Each structure stands twice: as C-alpha cells, then as structure tokens.
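Notes to accompany the following structure.
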Amino acid sequence: RAGMAAGNGTTEPPSDPPFNASLGYGEPEQDVSKIVIPSIYALVCCVGLTGNAMVIYVILKYAKMKTATNIYILNLAIADELFMLSVPFLATAAALRRWPFGALACRLVLSVDGINMFTSVFCLTVLSVDRYIAVAHPIRAARYRRPTVAKAINVCVWALSLVVILPIIVFAGTVPRGDGGVECNFLWPEPSWSEAFVVYTFLLGFLLPVAAICLCYCLIVAKMRAVALRAGWLQRRRSEKKITRMVLLVVTVFVACWLPFYVAQLLSVFRRPPDPVVNQLFVVLSYANSGANPILYGFVSDNFRRSFQRLVCLRWMDSRLDAEQVDYCAVALRRPVPCGPRASPKEPLASEMVYHNGTCNSRTTTL
C-alpha cells in the first residue's frame with residue numbers, strides 16, 4: 001500500500017515531489033490533513049494493536065480455542081499485529097511530510113506493509129475455503145481440518161506472501177527530493193515497472209482472492225439452501241438469513257476497505273490521480289481493515305466473545321469464581337444433588353463438598 005501510492009518510483013530524483021499520499025508527504029496540502037491523517041493512523045494503530053493482541057492471547061491461552069479455524073484467525077491476527085507495529089512510522093512520516101528513518105527502515109516498513117497486505121487476503125481466502133469444506137463436506141474433511149494441518153497451511157501462506165513481495169524487498173528505498181527532503185519509495189529500473197506493479201498487486205492481492213472468496217460463499221449458500229429444502233421452509237429461511245449475514249460480513253467489509261484503495265491506484269496509473277488527501281484516506285481505510293479483523297472474526301463468535309469478556313473482566317470474575325462455578329455446574333446437571341445438613345462446623349477442605357443454594361458439589365470436580 002505504502003509503495004503503490006508512492007508514485008512513479010524511479011532512481012532519478014523527481015523534479016516535482018512524486019505522489020506519496022500513503023506516507024503522508026509530498027506537495028503541501030491542507031494544514032488540517034497534517035493533523036487529521038496522523039490522528040487517524042494513531043486511532044487505527046491503537047484499535048488494531050489492542051484487538052489483535054486480544055485475539056492472539058485468547059487463542060494461545062485457552063485450549064478450547066485451538067481449532068483449525070481459529071488457527072487461521074491466529075495467523076491473520078499475527079499478520080495484522082506485525083503491521084500495526086509499523087504504523088507509527090507511517091504516522092510520523094505523514095506528520096513530518098518526509099521520511100526521517102533511513103533507507104533500511106524504509107525497506108523494512110514497506111516489506112511489512114506488503115506482507116501484511118498479501119498475508120491478510122490469503123488468510124481470508126483460506127478461511128473461506130475452510131468454511132466451505134466445513135459446511136459442504138463435514139465428515140470427509142474432518143481429517144484435514146485439524147490444528148496441525150492449519151499450522152502447515154499458515155506456513156505456506158507466509159512463504160507465498162514472501163515470494164509475492166520480492167519486488168518490494170528488492171526495489172524499496174529512499175529517494176532525495178528537490179527541497180532537501182527524503183521519500184520512502186520504490187526505485188524501479190523503468191517507469192513502466194510501477195504500472196505493472198499496480199496491476200500485479202491488484203490481481204494477486206484483491207481480484208483473484210475476492211473472486212475465490214465469493215465463489216466459496218456462493219457454494220456455501222447453495223449447499224445451505226439444498227439442506228434447508230430438505231429440512232423445511234422455516235429452517236431454510238433461518239439458515240439462508242444466517243449465511244447471508246456471514247457473507248455480507250466477510251465479503252462486504254473487506255471489499256469496502258480495499259476497493260477504494262485499488263480504484264485510486266488504478267486511476268493513478270491509467271487516468272488522472274485523485275486528490276492526495278482523498279488518496280490518503282483510502283490508504284488509511286485499507287489499514288483499518290487490519291483493525292476491523294478482530295471484530296469481524298472475534299466478537300461475532302460466541303467463544304471469542306466469552307473469552308474477551310473473561311480477559312477484560314478477569315478481576316471481577318475472580319471475585320465471583322466460586323459461586324459462578326457451582327451455579328453453572330448445577331445448571332449443567334439439570335437437577336440438584338440432595339445433600340444432608342451440615343453436621344460438622346469445621347470448614348470443608350478443597351477436596352470436600354461445598355454447599356450452595358441447596359446443592360453440593362466437589363470443589364475439585366468443579367474446577
């Protein structure tokens with residue numbers, strides 16, 4: 001993202017500052033953008049760091065969260081968290097309107113940006129394929145939908161992303177400006193390479209993965225509809241409503257965050273570039289997808305929601321742990337276990353029975 005919006009990116013110092021909206025410098029724009037754009041970067045960074053850190057923590061902390069699907073979500077959260085660590089560099093460059101961190105940091109930030117861009121969309125594609133397999137072939141695919149297989153696929157996703165971003169690693173660098181400033185840009189051997197790179201990233205980073213995602217969810221809808229027709233009209237309506245909501249959640253939010261960015265880059269190549277401030281907003285919107293992923297793939301899940309609530313309210317829950325545990329076990333048993341009167345005044349040990357609301361249970365068994 002940062003490099004694609006950086007302009008022609010040649011080895012010759014440009015006579016006019018190239019269009020570099022993503023890093024927030026170039027020709028002077030409205031003064032308000034110097035404050036608004038870095039502030040948006042800071043907000044996205046805070047939300048993304050917090051949300052993705054919570055996703056990573058609950059998946060690694062709780063054994064019940066280590067499912068195949070959650071392993072893919074963990075990979076997505078790691079990619080987003082890694083990128084969020086580079087956002088402060090982008091926000092600083094946007095505020096200063098120059099790149100003050102040197103050539104090595106420029107190459108590192110652009111590489112992290114690129115690998116996040118491709119790893120995220122590849123993870124979403126893998127998640128969509130995983131959802132299709134889970135819905136369409138739940139029995140035959142059980143042997144493949146295991147955490148060990150998911151980890152191997154995640155390694156392949158990172159390897160593929162590294163291969164795809166090789167042009168970024170090779171050609172990223174700093175470019176001096178006529179006014180004495182420095183830009184973080186691509187040093188393409190020929191200007192035509194910049195246009196080819198925009199098309200290259202659009203195909204591999206958006207068009208083909210989105211087509212695969214849409215195909216997966218269309219097949220899921222078709223499968224759910226076929227199952228619902230056999231189950232009855234009422235169940236069909238409910239299943240169609242649920243799957244449609246999931247399709248809109250996954251596809252629409254992703255496309256809404258990324259489509260404006262790619263449209264702006266294609267316009268910059270084949271038509272007149274859009275206004276730099278507008279382009280900056282489109283770039284930040286694509287960054288916001290990394291902060292939205294914990295909401296999309298975390299808070300909509302009951303397991304994630306409960307894990308997040310337990311994480312946030314840990315101290316409050318610890319104060320009520322004993323009562324909550326006994327009550328939950330009593331509900332799960334569906335019937336109280338009769339207990340005799342308390343004949344002995346001594347305090348029960350950890351392995352003895354404890355009484356609560358007319359029921360008894362072993363504290364060790366409860367834990």
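By convention here, the chains of the structure tokens are called A, B, ... in the order presented, each chain's residues are numbered starting at 1, and ligands are numbered starting at 1 in the order presented.
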
Quick one: residues within 6 Å of range 212-222 of chain A, only C-alpha atoms counted, chain neighbours fewer than 4 positions away excluded, as a list in words?
Thr125, Ser128 and Tyr132 of chain A

From the DSSP assignment of the backbone, select every residue of range 67-252 of chain A that is helix (DSSP H, G or I), and format the answer as a ChimeraX atom specification.
/A:68-84,87-96,103-136,147-164,166-171,192-231,233-252

Pick out the closest residue to Val112 in chain A from this set: A:Leu124, A:Ile168, A:Ile153, A:Leu60. Count only C-alpha atoms.
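Answer, going by the shortest atom-to-atom distance: A:Ile168.
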
Considering only C-alpha atoms, state which residue in the set A:Ala136, A:Val164, A:Ala77, A:Ala94 is at the smallest distance from Met224 in chain A.
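Result for the nearest residue to Met224 in chain A: A:Ala136.
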
Can you pull out the residues contacting Thr119 in chain A? Cut-off 7 Å, using only C-alpha atoms, and skip same-chain residues under 5 positions away; I want them as a ChimeraX atom specification.
/A:79,157-158,161

Closest atom pairs, residues of range 18-115 of chain A within 6 Å of range 183-203 of chain A, only C-alpha atoms, as CSV:
residue,atom,partner,partner_atom,distance
A:Arg98,CA,A:Glu183,CA,5.8
A:Trp99,CA,A:Glu183,CA,5.3
A:Cys106,CA,A:Cys184,CA,5.7

I'd like the interatomic distance between CA of Ile165 in chain A and CA of Gly114 in chain A, to a tenth of an Å.
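Atom-to-atom, CA of Ile165 in chain A to CA of Gly114 in chain A, that is 6.2 Å.
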
Interatomic distance, CA of Phe282 in chain A to CA of Val255 in chain A (Å, one decimal):
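Computing it gives 12.2 Å between the two atoms.
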
Using only C-alpha atoms, determine which residues lie at most 7 Å from range 85-89 of chain A, disregarding the query and same-chain residues fewer than 5 positions distant; provide the list as a list in words.
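With the cut-off at 7 Å, the set is Tyr41, Cys45 and Val109 of chain A.
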
Dump of C-alpha atoms for the selected residues, as a tab-separated table (two decimals), in the first residue's frame:
chain	number	residue	atom	x	y	z
A	41	TYR	CA	-3.29	6.50	11.89
A	45	CYS	CA	-2.95	1.61	15.42
A	109	VAL	CA	8.31	-0.87	6.70

Atomic separation - CA of Pro138 in chain A relative to CA of Pro209 in chain A, Å:
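Pair CA of Pro209 in chain A / CA of Pro138 in chain A returns 23.4 Å.
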
With only C-alpha atoms as the atoms that count, which of A:Leu208, A:Met65, A:Val129, A:Ile35 lies nearest to Pro147 in chain A?
A:Met65

Judged by only C-alpha atoms, the minimum distance to Val55 in chain A among A:Val251, A:Leu160, A:Leu74, A:Ala91 is found for A:Leu74
